[in-house]
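Okay, structure first, notes after.
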Amino acid sequence: MDILVIQSSIRDPVGVLGQHLVRLGAQLHTWLPEQQPDPPDGDYAGLILLGGHMNAHEDNQFPHLRQAVELIQGFHQANKPIMGVCLGAQLIARAFGSRVAPHTQPELGFSQLEVLPAATEPWLTAFAPQDLHIMQWHFDTFNLPPDATLLMTNNLCKHQAYRIGSNVYGFQFHFEVTPEIVQSWLAAKSDWIATHYPQLDQRIQQQLERYYPLSSAFAAKVAEGWLQLV
């Protein structure tokens, strides 16, 4: 199973999600636009879009965003499964006609998530009664596409996970992270974050110890469930 992975930022690789996908038999082909002008050629069975620091509409500064939207639309027309994480979920929303804009407040660190009754996927409902907290690092949110079903939410940012049709999924949160990825984000955080969230490093360190094992288990379930669609 050859999967195209769009990695919009060198600091946001496919992480533990990729580890689970490879373990299950997927071959990942990563396009890193910071280093490659165009995606690698290939006949791919699915598409994954990862996070990044840019807004989903900043085409002038980041031309690959328009290419990503076109790829989303092309994979959807071919009925091939798509998964978006954070910026990736926002790009899917954009590809289906929705607006991405700054949220009322940033969401940084592990936050609690609720699986909604509309989620019928066993790989999501398995986490419905659990104390599920997953890493967040975003300043933007999106309008839910007209044909989308909201699957997960929380009290900080309503649109956390959604499904379009039977094989397109967007996740606002970062279930792909490893502790090393999170550490790299903290090391590179902006002066604005350091000023407004002075205890962020300590808080996230504590959250990693408490919540990361279940977050990794969630990534494993998503990888298994999504690959069954490929």
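Please note that chains go A, B, ... in the order of the structure tokens, that every chain numbers its residues from 1, and that ligands are numbered from 1 in the order shown.
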Determine, for each residue of stretch 133-178 of chain A having at least one atom at most 12 Å from an atom of stretch 209-227 of chain A, the closest pair of atoms and their separation in Å to one decimal, counting only C-alpha atoms; order by chain and ascending number, as CSV.
```
residue,atom,partner,partner_atom,distance
A:His133,CA,A:Tyr211,CA,6.0
A:Ile134,CA,A:Ser215,CA,5.7
A:Met135,CA,A:Ser215,CA,8.1
A:Gln136,CA,A:Ser215,CA,11.5
A:Ala161,CA,A:Val222,CA,11.9
A:Arg163,CA,A:Trp226,CA,11.5
A:Ser166,CA,A:Trp226,CA,10.3
A:Asn167,CA,A:Trp226,CA,7.7
A:Val168,CA,A:Trp226,CA,9.2
A:Tyr169,CA,A:Trp226,CA,8.7
A:Gly170,CA,A:Val222,CA,11.5
A:Phe171,CA,A:Val222,CA,10.6
A:Phe173,CA,A:Ser215,CA,10.5
A:His174,CA,A:Ser215,CA,9.1
A:Phe175,CA,A:Ala219,CA,5.8
A:Glu176,CA,A:Ala219,CA,6.4
A:Val177,CA,A:Ser216,CA,8.2
A:Thr178,CA,A:Ser216,CA,8.1
```
Every residue of stretch 17-144 of chain A that DSSP places in helix (DSSP H, G or I), as a PDB file with all heavy atoms, in the first residue's frame:
```pdb
ATOM      1  N   LEU A  17       2.203   7.842  14.235  1.00  0.00           N
ATOM      2  CA  LEU A  17       1.209   7.405  13.256  1.00  0.00           C
ATOM      3  C   LEU A  17       1.895   6.666  12.122  1.00  0.00           C
ATOM      4  O   LEU A  17       1.439   5.590  11.697  1.00  0.00           O
ATOM      5  CB  LEU A  17       0.436   8.615  12.717  1.00  0.00           C
ATOM      6  CG  LEU A  17      -0.499   8.342  11.539  1.00  0.00           C
ATOM      7  CD1 LEU A  17      -1.613   7.381  11.929  1.00  0.00           C
ATOM      8  CD2 LEU A  17      -1.078   9.657  11.002  1.00  0.00           C
ATOM      9  N   GLY A  18       2.990   7.216  11.618  1.00  0.00           N
ATOM     10  CA  GLY A  18       3.740   6.564  10.552  1.00  0.00           C
ATOM     11  C   GLY A  18       4.316   5.235  10.985  1.00  0.00           C
ATOM     12  O   GLY A  18       4.325   4.268  10.209  1.00  0.00           O
ATOM     13  N   GLN A  19       4.790   5.166  12.220  1.00  0.00           N
ATOM     14  CA  GLN A  19       5.318   3.901  12.729  1.00  0.00           C
ATOM     15  C   GLN A  19       4.251   2.812  12.695  1.00  0.00           C
ATOM     16  O   GLN A  19       4.515   1.672  12.296  1.00  0.00           O
ATOM     17  CB  GLN A  19       5.841   4.091  14.148  1.00  0.00           C
ATOM     18  CG  GLN A  19       7.041   5.023  14.261  1.00  0.00           C
ATOM     19  CD  GLN A  19       7.391   5.346  15.706  1.00  0.00           C
ATOM     20  OE1 GLN A  19       7.015   4.611  16.618  1.00  0.00           O
ATOM     21  NE2 GLN A  19       8.102   6.435  15.919  1.00  0.00           N
ATOM     22  N   HIS A  20       3.050   3.163  13.119  1.00  0.00           N
ATOM     23  CA  HIS A  20       1.965   2.182  13.109  1.00  0.00           C
ATOM     24  C   HIS A  20       1.562   1.809  11.676  1.00  0.00           C
ATOM     25  O   HIS A  20       1.299   0.638  11.377  1.00  0.00           O
ATOM     26  CB  HIS A  20       0.760   2.728  13.868  1.00  0.00           C
ATOM     27  CG  HIS A  20       0.972   2.843  15.347  1.00  0.00           C
ATOM     28  ND1 HIS A  20       1.407   1.794  16.119  1.00  0.00           N
ATOM     29  CD2 HIS A  20       0.801   3.889  16.205  1.00  0.00           C
ATOM     30  CE1 HIS A  20       1.497   2.171  17.385  1.00  0.00           C
ATOM     31  NE2 HIS A  20       1.143   3.447  17.457  1.00  0.00           N
ATOM     32  N   LEU A  21       1.523   2.781  10.792  1.00  0.00           N
ATOM     33  CA  LEU A  21       1.152   2.498   9.399  1.00  0.00           C
ATOM     34  C   LEU A  21       2.150   1.560   8.735  1.00  0.00           C
ATOM     35  O   LEU A  21       1.769   0.610   8.045  1.00  0.00           O
ATOM     36  CB  LEU A  21       1.041   3.808   8.613  1.00  0.00           C
ATOM     37  CG  LEU A  21      -0.134   4.720   8.962  1.00  0.00           C
ATOM     38  CD1 LEU A  21       0.046   6.090   8.321  1.00  0.00           C
ATOM     39  CD2 LEU A  21      -1.461   4.102   8.515  1.00  0.00           C
ATOM     40  N   VAL A  22       3.438   1.825   8.940  1.00  0.00           N
ATOM     41  CA  VAL A  22       4.479   0.966   8.364  1.00  0.00           C
ATOM     42  C   VAL A  22       4.394  -0.440   8.955  1.00  0.00           C
ATOM     43  O   VAL A  22       4.522  -1.449   8.248  1.00  0.00           O
ATOM     44  CB  VAL A  22       5.865   1.591   8.579  1.00  0.00           C
ATOM     45  CG1 VAL A  22       6.969   0.614   8.199  1.00  0.00           C
ATOM     46  CG2 VAL A  22       6.000   2.882   7.759  1.00  0.00           C
ATOM     47  N   ARG A  23       4.178  -0.525  10.252  1.00  0.00           N
ATOM     48  CA  ARG A  23       4.037  -1.834  10.899  1.00  0.00           C
ATOM     49  C   ARG A  23       2.896  -2.637  10.287  1.00  0.00           C
ATOM     50  O   ARG A  23       2.967  -3.873  10.185  1.00  0.00           O
ATOM     51  CB  ARG A  23       3.800  -1.633  12.400  1.00  0.00           C
ATOM     52  CG  ARG A  23       3.477  -2.906  13.173  1.00  0.00           C
ATOM     53  CD  ARG A  23       3.297  -2.616  14.653  1.00  0.00           C
ATOM     54  NE  ARG A  23       2.272  -1.619  14.915  1.00  0.00           N
ATOM     55  CZ  ARG A  23       0.971  -1.893  14.971  1.00  0.00           C
ATOM     56  NH1 ARG A  23       0.527  -3.122  14.742  1.00  0.00           N
ATOM     57  NH2 ARG A  23       0.097  -0.937  15.239  1.00  0.00           N
ATOM     58  N   HIS A  64       2.744  25.320  -2.070  1.00  0.00           N
ATOM     59  CA  HIS A  64       2.351  23.913  -2.018  1.00  0.00           C
ATOM     60  C   HIS A  64       0.938  23.732  -1.469  1.00  0.00           C
ATOM     61  O   HIS A  64       0.333  22.676  -1.672  1.00  0.00           O
ATOM     62  CB  HIS A  64       3.340  23.116  -1.172  1.00  0.00           C
ATOM     63  CG  HIS A  64       3.109  23.229   0.307  1.00  0.00           C
ATOM     64  ND1 HIS A  64       3.574  24.285   1.070  1.00  0.00           N
ATOM     65  CD2 HIS A  64       2.443  22.414   1.172  1.00  0.00           C
ATOM     66  CE1 HIS A  64       3.217  24.111   2.324  1.00  0.00           C
ATOM     67  NE2 HIS A  64       2.540  22.982   2.432  1.00  0.00           N
ATOM     68  N   LEU A  65       0.406  24.748  -0.785  1.00  0.00           N
ATOM     69  CA  LEU A  65      -0.935  24.610  -0.221  1.00  0.00           C
ATOM     70  C   LEU A  65      -1.977  24.440  -1.317  1.00  0.00           C
ATOM     71  O   LEU A  65      -2.900  23.630  -1.188  1.00  0.00           O
ATOM     72  CB  LEU A  65      -1.267  25.823   0.658  1.00  0.00           C
ATOM     73  CG  LEU A  65      -0.387  26.017   1.895  1.00  0.00           C
ATOM     74  CD1 LEU A  65      -0.733  27.323   2.604  1.00  0.00           C
ATOM     75  CD2 LEU A  65      -0.517  24.834   2.847  1.00  0.00           C
ATOM     76  N   ARG A  66      -1.817  25.192  -2.399  1.00  0.00           N
ATOM     77  CA  ARG A  66      -2.759  25.039  -3.514  1.00  0.00           C
ATOM     78  C   ARG A  66      -2.607  23.653  -4.144  1.00  0.00           C
ATOM     79  O   ARG A  66      -3.615  23.012  -4.501  1.00  0.00           O
ATOM     80  CB  ARG A  66      -2.516  26.124  -4.558  1.00  0.00           C
ATOM     81  CG  ARG A  66      -3.504  26.054  -5.739  1.00  0.00           C
ATOM     82  CD  ARG A  66      -3.284  27.154  -6.748  1.00  0.00           C
ATOM     83  NE  ARG A  66      -3.672  28.450  -6.234  1.00  0.00           N
ATOM     84  CZ  ARG A  66      -2.828  29.413  -5.920  1.00  0.00           C
ATOM     85  NH1 ARG A  66      -1.522  29.216  -6.040  1.00  0.00           N
ATOM     86  NH2 ARG A  66      -3.257  30.575  -5.472  1.00  0.00           N
ATOM     87  N   GLN A  67      -1.383  23.184  -4.259  1.00  0.00           N
ATOM     88  CA  GLN A  67      -1.162  21.827  -4.781  1.00  0.00           C
ATOM     89  C   GLN A  67      -1.799  20.787  -3.862  1.00  0.00           C
ATOM     90  O   GLN A  67      -2.384  19.801  -4.334  1.00  0.00           O
ATOM     91  CB  GLN A  67       0.339  21.552  -4.908  1.00  0.00           C
ATOM     92  CG  GLN A  67       1.053  22.385  -5.956  1.00  0.00           C
ATOM     93  CD  GLN A  67       2.565  22.196  -5.890  1.00  0.00           C
ATOM     94  OE1 GLN A  67       3.258  22.844  -5.108  1.00  0.00           O
ATOM     95  NE2 GLN A  67       3.075  21.288  -6.702  1.00  0.00           N
ATOM     96  N   ALA A  68      -1.692  21.001  -2.564  1.00  0.00           N
ATOM     97  CA  ALA A  68      -2.288  20.063  -1.613  1.00  0.00           C
ATOM     98  C   ALA A  68      -3.799  20.012  -1.775  1.00  0.00           C
ATOM     99  O   ALA A  68      -4.406  18.926  -1.748  1.00  0.00           O
ATOM    100  CB  ALA A  68      -1.919  20.459  -0.188  1.00  0.00           C
ATOM    101  N   VAL A  69      -4.422  21.174  -1.946  1.00  0.00           N
ATOM    102  CA  VAL A  69      -5.877  21.211  -2.148  1.00  0.00           C
ATOM    103  C   VAL A  69      -6.258  20.461  -3.420  1.00  0.00           C
ATOM    104  O   VAL A  69      -7.234  19.693  -3.442  1.00  0.00           O
ATOM    105  CB  VAL A  69      -6.367  22.674  -2.192  1.00  0.00           C
ATOM    106  CG1 VAL A  69      -7.802  22.755  -2.704  1.00  0.00           C
ATOM    107  CG2 VAL A  69      -6.256  23.304  -0.812  1.00  0.00           C
ATOM    108  N   GLU A  70      -5.493  20.653  -4.481  1.00  0.00           N
ATOM    109  CA  GLU A  70      -5.775  19.946  -5.734  1.00  0.00           C
ATOM    110  C   GLU A  70      -5.609  18.438  -5.568  1.00  0.00           C
ATOM    111  O   GLU A  70      -6.389  17.649  -6.122  1.00  0.00           O
ATOM    112  CB  GLU A  70      -4.862  20.477  -6.830  1.00  0.00           C
ATOM    113  CG  GLU A  70      -5.169  21.919  -7.223  1.00  0.00           C
ATOM    114  CD  GLU A  70      -4.119  22.507  -8.163  1.00  0.00           C
ATOM    115  OE1 GLU A  70      -3.092  21.826  -8.408  1.00  0.00           O
ATOM    116  OE2 GLU A  70      -4.329  23.637  -8.649  1.00  0.00           O
ATOM    117  N   LEU A  71      -4.613  18.025  -4.796  1.00  0.00           N
ATOM    118  CA  LEU A  71      -4.422  16.599  -4.543  1.00  0.00           C
ATOM    119  C   LEU A  71      -5.591  16.037  -3.736  1.00  0.00           C
ATOM    120  O   LEU A  71      -6.072  14.930  -4.013  1.00  0.00           O
ATOM    121  CB  LEU A  71      -3.105  16.371  -3.806  1.00  0.00           C
ATOM    122  CG  LEU A  71      -1.844  16.465  -4.660  1.00  0.00           C
ATOM    123  CD1 LEU A  71      -0.598  16.550  -3.779  1.00  0.00           C
ATOM    124  CD2 LEU A  71      -1.735  15.266  -5.602  1.00  0.00           C
ATOM    125  N   ILE A  72      -6.035  16.769  -2.736  1.00  0.00           N
ATOM    126  CA  ILE A  72      -7.204  16.333  -1.961  1.00  0.00           C
ATOM    127  C   ILE A  72      -8.395  16.113  -2.883  1.00  0.00           C
ATOM    128  O   ILE A  72      -9.080  15.076  -2.821  1.00  0.00           O
ATOM    129  CB  ILE A  72      -7.552  17.368  -0.879  1.00  0.00           C
ATOM    130  CG1 ILE A  72      -6.459  17.401   0.192  1.00  0.00           C
ATOM    131  CG2 ILE A  72      -8.906  17.065  -0.242  1.00  0.00           C
ATOM    132  CD1 ILE A  72      -6.543  18.610   1.107  1.00  0.00           C
ATOM    133  N   GLN A  73      -8.645  17.076  -3.734  1.00  0.00           N
ATOM    134  CA  GLN A  73      -9.793  16.963  -4.639  1.00  0.00           C
ATOM    135  C   GLN A  73      -9.627  15.806  -5.608  1.00  0.00           C
ATOM    136  O   GLN A  73     -10.582  15.081  -5.898  1.00  0.00           O
ATOM    137  CB  GLN A  73      -9.985  18.292  -5.376  1.00  0.00           C
ATOM    138  CG  GLN A  73     -10.389  19.429  -4.442  1.00  0.00           C
ATOM    139  CD  GLN A  73     -10.296  20.802  -5.083  1.00  0.00           C
ATOM    140  OE1 GLN A  73      -9.604  20.984  -6.085  1.00  0.00           O
ATOM    141  NE2 GLN A  73     -10.972  21.775  -4.502  1.00  0.00           N
ATOM    142  N   GLY A  74      -8.408  15.592  -6.091  1.00  0.00           N
ATOM    143  CA  GLY A  74      -8.162  14.493  -7.016  1.00  0.00           C
ATOM    144  C   GLY A  74      -8.304  13.134  -6.349  1.00  0.00           C
ATOM    145  O   GLY A  74      -8.914  12.215  -6.927  1.00  0.00           O
ATOM    146  N   PHE A  75      -7.760  12.977  -5.154  1.00  0.00           N
ATOM    147  CA  PHE A  75      -7.901  11.707  -4.436  1.00  0.00           C
ATOM    148  C   PHE A  75      -9.371  11.439  -4.109  1.00  0.00           C
ATOM    149  O   PHE A  75      -9.833  10.301  -4.192  1.00  0.00           O
ATOM    150  CB  PHE A  75      -7.071  11.728  -3.148  1.00  0.00           C
ATOM    151  CG  PHE A  75      -5.641  11.284  -3.331  1.00  0.00           C
ATOM    152  CD1 PHE A  75      -4.725  12.088  -3.995  1.00  0.00           C
ATOM    153  CD2 PHE A  75      -5.197  10.072  -2.837  1.00  0.00           C
ATOM    154  CE1 PHE A  75      -3.401  11.700  -4.167  1.00  0.00           C
ATOM    155  CE2 PHE A  75      -3.885   9.656  -3.004  1.00  0.00           C
ATOM    156  CZ  PHE A  75      -2.984  10.473  -3.677  1.00  0.00           C
ATOM    157  N   HIS A  76     -10.095  12.486  -3.744  1.00  0.00           N
ATOM    158  CA  HIS A  76     -11.517  12.299  -3.433  1.00  0.00           C
ATOM    159  C   HIS A  76     -12.298  11.873  -4.673  1.00  0.00           C
ATOM    160  O   HIS A  76     -13.148  10.964  -4.606  1.00  0.00           O
ATOM    161  CB  HIS A  76     -12.098  13.586  -2.864  1.00  0.00           C
ATOM    162  CG  HIS A  76     -13.555  13.484  -2.519  1.00  0.00           C
ATOM    163  ND1 HIS A  76     -14.051  12.590  -1.599  1.00  0.00           N
ATOM    164  CD2 HIS A  76     -14.631  14.169  -3.000  1.00  0.00           C
ATOM    165  CE1 HIS A  76     -15.362  12.716  -1.507  1.00  0.00           C
ATOM    166  NE2 HIS A  76     -15.737  13.667  -2.347  1.00  0.00           N
ATOM    167  N   GLN A  77     -12.024  12.494  -5.794  1.00  0.00           N
ATOM    168  CA  GLN A  77     -12.707  12.117  -7.030  1.00  0.00           C
ATOM    169  C   GLN A  77     -12.410  10.677  -7.416  1.00  0.00           C
ATOM    170  O   GLN A  77     -13.248   9.988  -8.001  1.00  0.00           O
ATOM    171  CB  GLN A  77     -12.302  13.069  -8.153  1.00  0.00           C
ATOM    172  CG  GLN A  77     -12.847  14.480  -7.987  1.00  0.00           C
ATOM    173  CD  GLN A  77     -12.260  15.463  -8.989  1.00  0.00           C
ATOM    174  OE1 GLN A  77     -11.473  15.092  -9.865  1.00  0.00           O
ATOM    175  NE2 GLN A  77     -12.643  16.728  -8.863  1.00  0.00           N
ATOM    176  N   LEU A  87      -3.213  21.214  10.347  1.00  0.00           N
ATOM    177  CA  LEU A  87      -3.264  21.927   9.062  1.00  0.00           C
ATOM    178  C   LEU A  87      -3.880  21.045   7.985  1.00  0.00           C
ATOM    179  O   LEU A  87      -4.634  21.534   7.134  1.00  0.00           O
ATOM    180  CB  LEU A  87      -1.861  22.366   8.654  1.00  0.00           C
ATOM    181  CG  LEU A  87      -1.720  22.963   7.249  1.00  0.00           C
ATOM    182  CD1 LEU A  87      -2.477  24.280   7.134  1.00  0.00           C
ATOM    183  CD2 LEU A  87      -0.250  23.145   6.883  1.00  0.00           C
ATOM    184  N   GLY A  88      -3.571  19.754   8.016  1.00  0.00           N
ATOM    185  CA  GLY A  88      -4.142  18.835   7.031  1.00  0.00           C
ATOM    186  C   GLY A  88      -5.651  18.802   7.086  1.00  0.00           C
ATOM    187  O   GLY A  88      -6.329  18.789   6.048  1.00  0.00           O
ATOM    188  N   ALA A  89      -6.219  18.803   8.296  1.00  0.00           N
ATOM    189  CA  ALA A  89      -7.678  18.837   8.439  1.00  0.00           C
ATOM    190  C   ALA A  89      -8.242  20.149   7.932  1.00  0.00           C
ATOM    191  O   ALA A  89      -9.334  20.188   7.333  1.00  0.00           O
ATOM    192  CB  ALA A  89      -8.054  18.629   9.899  1.00  0.00           C
ATOM    193  N   GLN A  90      -7.513  21.233   8.164  1.00  0.00           N
ATOM    194  CA  GLN A  90      -7.942  22.542   7.680  1.00  0.00           C
ATOM    195  C   GLN A  90      -7.892  22.610   6.154  1.00  0.00           C
ATOM    196  O   GLN A  90      -8.765  23.205   5.516  1.00  0.00           O
ATOM    197  CB  GLN A  90      -7.068  23.615   8.316  1.00  0.00           C
ATOM    198  CG  GLN A  90      -7.195  23.685   9.819  1.00  0.00           C
ATOM    199  CD  GLN A  90      -6.103  24.501  10.480  1.00  0.00           C
ATOM    200  OE1 GLN A  90      -5.262  25.107   9.806  1.00  0.00           O
ATOM    201  NE2 GLN A  90      -6.086  24.528  11.806  1.00  0.00           N
ATOM    202  N   LEU A  91      -6.877  21.992   5.556  1.00  0.00           N
ATOM    203  CA  LEU A  91      -6.770  21.979   4.094  1.00  0.00           C
ATOM    204  C   LEU A  91      -7.887  21.144   3.468  1.00  0.00           C
ATOM    205  O   LEU A  91      -8.414  21.501   2.400  1.00  0.00           O
ATOM    206  CB  LEU A  91      -5.408  21.442   3.673  1.00  0.00           C
ATOM    207  CG  LEU A  91      -4.231  22.396   3.871  1.00  0.00           C
ATOM    208  CD1 LEU A  91      -2.906  21.662   3.689  1.00  0.00           C
ATOM    209  CD2 LEU A  91      -4.316  23.573   2.900  1.00  0.00           C
ATOM    210  N   ILE A  92      -8.254  20.054   4.108  1.00  0.00           N
ATOM    211  CA  ILE A  92      -9.393  19.276   3.607  1.00  0.00           C
ATOM    212  C   ILE A  92     -10.663  20.121   3.663  1.00  0.00           C
ATOM    213  O   ILE A  92     -11.447  20.162   2.708  1.00  0.00           O
ATOM    214  CB  ILE A  92      -9.565  17.973   4.403  1.00  0.00           C
ATOM    215  CG1 ILE A  92      -8.382  17.036   4.168  1.00  0.00           C
ATOM    216  CG2 ILE A  92     -10.872  17.273   4.010  1.00  0.00           C
ATOM    217  CD1 ILE A  92      -8.385  15.811   5.055  1.00  0.00           C
ATOM    218  N   ALA A  93     -10.864  20.806   4.785  1.00  0.00           N
ATOM    219  CA  ALA A  93     -12.032  21.683   4.896  1.00  0.00           C
ATOM    220  C   ALA A  93     -12.017  22.733   3.789  1.00  0.00           C
ATOM    221  O   ALA A  93     -13.049  22.994   3.141  1.00  0.00           O
ATOM    222  CB  ALA A  93     -12.048  22.351   6.269  1.00  0.00           C
ATOM    223  N   ARG A  94     -10.858  23.328   3.537  1.00  0.00           N
ATOM    224  CA  ARG A  94     -10.744  24.310   2.455  1.00  0.00           C
ATOM    225  C   ARG A  94     -11.069  23.673   1.111  1.00  0.00           C
ATOM    226  O   ARG A  94     -11.788  24.273   0.285  1.00  0.00           O
ATOM    227  CB  ARG A  94      -9.333  24.891   2.429  1.00  0.00           C
ATOM    228  CG  ARG A  94      -9.089  25.779   1.225  1.00  0.00           C
ATOM    229  CD  ARG A  94      -7.640  26.203   1.075  1.00  0.00           C
ATOM    230  NE  ARG A  94      -7.391  26.726  -0.254  1.00  0.00           N
ATOM    231  CZ  ARG A  94      -6.223  27.156  -0.692  1.00  0.00           C
ATOM    232  NH1 ARG A  94      -5.165  27.156   0.101  1.00  0.00           N
ATOM    233  NH2 ARG A  94      -6.083  27.598  -1.936  1.00  0.00           N
ATOM    234  N   ALA A  95     -10.559  22.480   0.851  1.00  0.00           N
ATOM    235  CA  ALA A  95     -10.788  21.804  -0.429  1.00  0.00           C
ATOM    236  C   ALA A  95     -12.267  21.528  -0.666  1.00  0.00           C
ATOM    237  O   ALA A  95     -12.711  21.440  -1.817  1.00  0.00           O
ATOM    238  CB  ALA A  95      -9.995  20.501  -0.488  1.00  0.00           C
ATOM    239  N   PRO A 122     -15.531   1.759  14.865  1.00  0.00           N
ATOM    240  CA  PRO A 122     -15.063   1.079  16.087  1.00  0.00           C
ATOM    241  C   PRO A 122     -13.747   1.625  16.604  1.00  0.00           C
ATOM    242  O   PRO A 122     -13.505   1.641  17.816  1.00  0.00           O
ATOM    243  CB  PRO A 122     -14.931  -0.381  15.640  1.00  0.00           C
ATOM    244  CG  PRO A 122     -15.832  -0.514  14.462  1.00  0.00           C
ATOM    245  CD  PRO A 122     -15.807   0.816  13.777  1.00  0.00           C
ATOM    246  N   TRP A 123     -12.880   2.086  15.706  1.00  0.00           N
ATOM    247  CA  TRP A 123     -11.587   2.612  16.121  1.00  0.00           C
ATOM    248  C   TRP A 123     -11.697   3.999  16.749  1.00  0.00           C
ATOM    249  O   TRP A 123     -10.720   4.510  17.292  1.00  0.00           O
ATOM    250  CB  TRP A 123     -10.602   2.614  14.966  1.00  0.00           C
ATOM    251  CG  TRP A 123     -11.151   3.056  13.632  1.00  0.00           C
ATOM    252  CD1 TRP A 123     -11.869   2.310  12.746  1.00  0.00           C
ATOM    253  CD2 TRP A 123     -11.003   4.338  13.028  1.00  0.00           C
ATOM    254  NE1 TRP A 123     -12.178   3.054  11.626  1.00  0.00           N
ATOM    255  CE2 TRP A 123     -11.647   4.297  11.771  1.00  0.00           C
ATOM    256  CE3 TRP A 123     -10.367   5.516  13.424  1.00  0.00           C
ATOM    257  CZ2 TRP A 123     -11.706   5.382  10.913  1.00  0.00           C
ATOM    258  CZ3 TRP A 123     -10.405   6.620  12.559  1.00  0.00           C
ATOM    259  CH2 TRP A 123     -11.071   6.543  11.327  1.00  0.00           C
ATOM    260  N   LEU A 124     -12.887   4.607  16.723  1.00  0.00           N
ATOM    261  CA  LEU A 124     -13.148   5.822  17.488  1.00  0.00           C
ATOM    262  C   LEU A 124     -14.005   5.548  18.710  1.00  0.00           C
ATOM    263  O   LEU A 124     -13.733   6.044  19.802  1.00  0.00           O
ATOM    264  CB  LEU A 124     -13.836   6.871  16.603  1.00  0.00           C
ATOM    265  CG  LEU A 124     -12.997   7.541  15.514  1.00  0.00           C
ATOM    266  CD1 LEU A 124     -13.823   8.541  14.731  1.00  0.00           C
ATOM    267  CD2 LEU A 124     -11.774   8.222  16.113  1.00  0.00           C
ATOM    268  N   THR A 125     -15.046   4.751  18.538  1.00  0.00           N
ATOM    269  CA  THR A 125     -15.957   4.495  19.653  1.00  0.00           C
ATOM    270  C   THR A 125     -15.266   3.751  20.789  1.00  0.00           C
ATOM    271  O   THR A 125     -15.711   3.810  21.937  1.00  0.00           O
ATOM    272  CB  THR A 125     -17.187   3.706  19.179  1.00  0.00           C
ATOM    273  OG1 THR A 125     -16.753   2.470  18.571  1.00  0.00           O
ATOM    274  CG2 THR A 125     -17.981   4.495  18.146  1.00  0.00           C
TER     275      THR A 125
END
```
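Residue nearest A:Ser111 within the list A:Ala148, A:Ile204, A:Val14, A:Leu47: A:Ile204 [criterion: smallest interatomic distance, only C-alpha atoms].
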Closest of A:Leu4, A:Val16, A:Leu108, A:Ala56 to A:Ala194, counting only C-alpha atoms, is A:Leu108
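Take atom CA of A:Pro13 and atom CA of A:His138: the distance between them is 15.8 Å.
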Report as a PyMOL selection string: the residues of stretch 8-149 of chain A with a DSSP assignment of strand (DSSP E), based on the backbone of this structure.
chain A and resi 27-31+46-49+82-85+100-112+114-115+133-142+148-149
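Computed from the coordinates, the atom CA of A:Ile82 to atom CA of A:Ala26 distance equals 14.1 Å.
Between A:Asp131 and the candidates A:Leu50, A:Ile193, A:Leu113, A:Ile10, the tightest atom-to-atom separation, counting only C-alpha atoms, involves A:Leu113.
Each of A:Leu208, A:Ala118, A:Val100, A:Leu49 was compared to A:Thr153 using only C-alpha atoms, and A:Ala118 turns out to be the nearest.
Each of A:Pro106, A:Asn155, A:Ser9, A:His53 was compared to A:Tyr197 using only C-alpha atoms, and A:Pro106 turns out to be the nearest.
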Atom CA of A:Gln207 to atom CA of A:Ser184: how many Å, to one decimal?
15.6 Å
Using only C-alpha atoms, determine which residues lie at most 12 Å from A:Pro37, disregarding the query and same-chain residues fewer than 4 positions distant; provide the list as a VMD selection string.
chain A and resid 6 8 31 to 33 62 to 65 67
Those residues with N, CA and C atoms, as a tab-separated table (two decimals), in the first residue's frame please?
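Wrote it out as again.tsv, contents follow:
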```tsv
chain	number	residue	atom	x	y	z
A	6	ILE	N	2.00	14.36	2.83
A	6	ILE	CA	2.42	15.75	2.65
A	6	ILE	C	2.83	16.30	4.01
A	8	SER	N	4.12	19.44	5.63
A	8	SER	CA	4.26	20.87	5.34
A	8	SER	C	5.37	21.54	6.14
A	31	TRP	N	6.34	13.89	0.93
A	31	TRP	CA	6.65	15.12	0.20
A	31	TRP	C	6.86	16.22	1.22
A	32	LEU	N	8.08	16.75	1.28
A	32	LEU	CA	8.44	17.86	2.15
A	32	LEU	C	8.67	19.09	1.28
A	33	PRO	N	7.66	19.94	1.11
A	33	PRO	CA	7.78	21.07	0.18
A	33	PRO	C	8.94	22.01	0.48
A	62	PHE	N	3.26	30.11	0.57
A	62	PHE	CA	3.48	28.66	0.59
A	62	PHE	C	2.71	28.03	-0.57
A	63	PRO	N	3.28	28.04	-1.78
A	63	PRO	CA	2.57	27.58	-2.98
A	63	PRO	C	2.11	26.13	-2.90
A	64	HIS	N	2.74	25.32	-2.07
A	64	HIS	CA	2.35	23.91	-2.02
A	64	HIS	C	0.94	23.73	-1.47
A	65	LEU	N	0.41	24.75	-0.78
A	65	LEU	CA	-0.93	24.61	-0.22
A	65	LEU	C	-1.98	24.44	-1.32
A	67	GLN	N	-1.38	23.18	-4.26
A	67	GLN	CA	-1.16	21.83	-4.78
A	67	GLN	C	-1.80	20.79	-3.86
```
Could you list, as a JSON list (two decimals) with C-alpha atoms, in the first residue's frame, every residue within 12 Å of stretch 199-201 of chain A, counting only C-alpha atoms and ignoring same-chain residues fewer than 6 positions away?
```
[["chain", "number", "residue", "atom", "x", "y", "z"],
["A", 107, "GLU", "CA", -4.96, 25.50, 21.86],
["A", 108, "LEU", "CA", -1.56, 24.39, 23.14],
["A", 109, "GLY", "CA", -0.83, 21.20, 25.02],
["A", 110, "PHE", "CA", -2.87, 18.08, 25.70],
["A", 137, "TRP", "CA", -0.80, 23.08, 18.78],
["A", 182, "VAL", "CA", 6.73, 17.71, 21.17],
["A", 183, "GLN", "CA", 10.12, 18.60, 22.68],
["A", 184, "SER", "CA", 11.22, 20.07, 19.35],
["A", 185, "TRP", "CA", 8.11, 22.27, 19.22],
["A", 186, "LEU", "CA", 8.75, 23.56, 22.73],
["A", 187, "ALA", "CA", 12.38, 24.31, 21.87],
["A", 188, "ALA", "CA", 11.30, 26.31, 18.81],
["A", 189, "LYS", "CA", 8.26, 28.07, 20.27],
["A", 190, "SER", "CA", 7.80, 31.75, 19.46],
["A", 192, "TRP", "CA", 4.79, 35.31, 21.91],
["A", 193, "ILE", "CA", 4.07, 31.81, 23.22],
["A", 207, "GLN", "CA", 0.97, 15.92, 30.34],
["A", 208, "LEU", "CA", 3.29, 13.75, 28.24]]
```
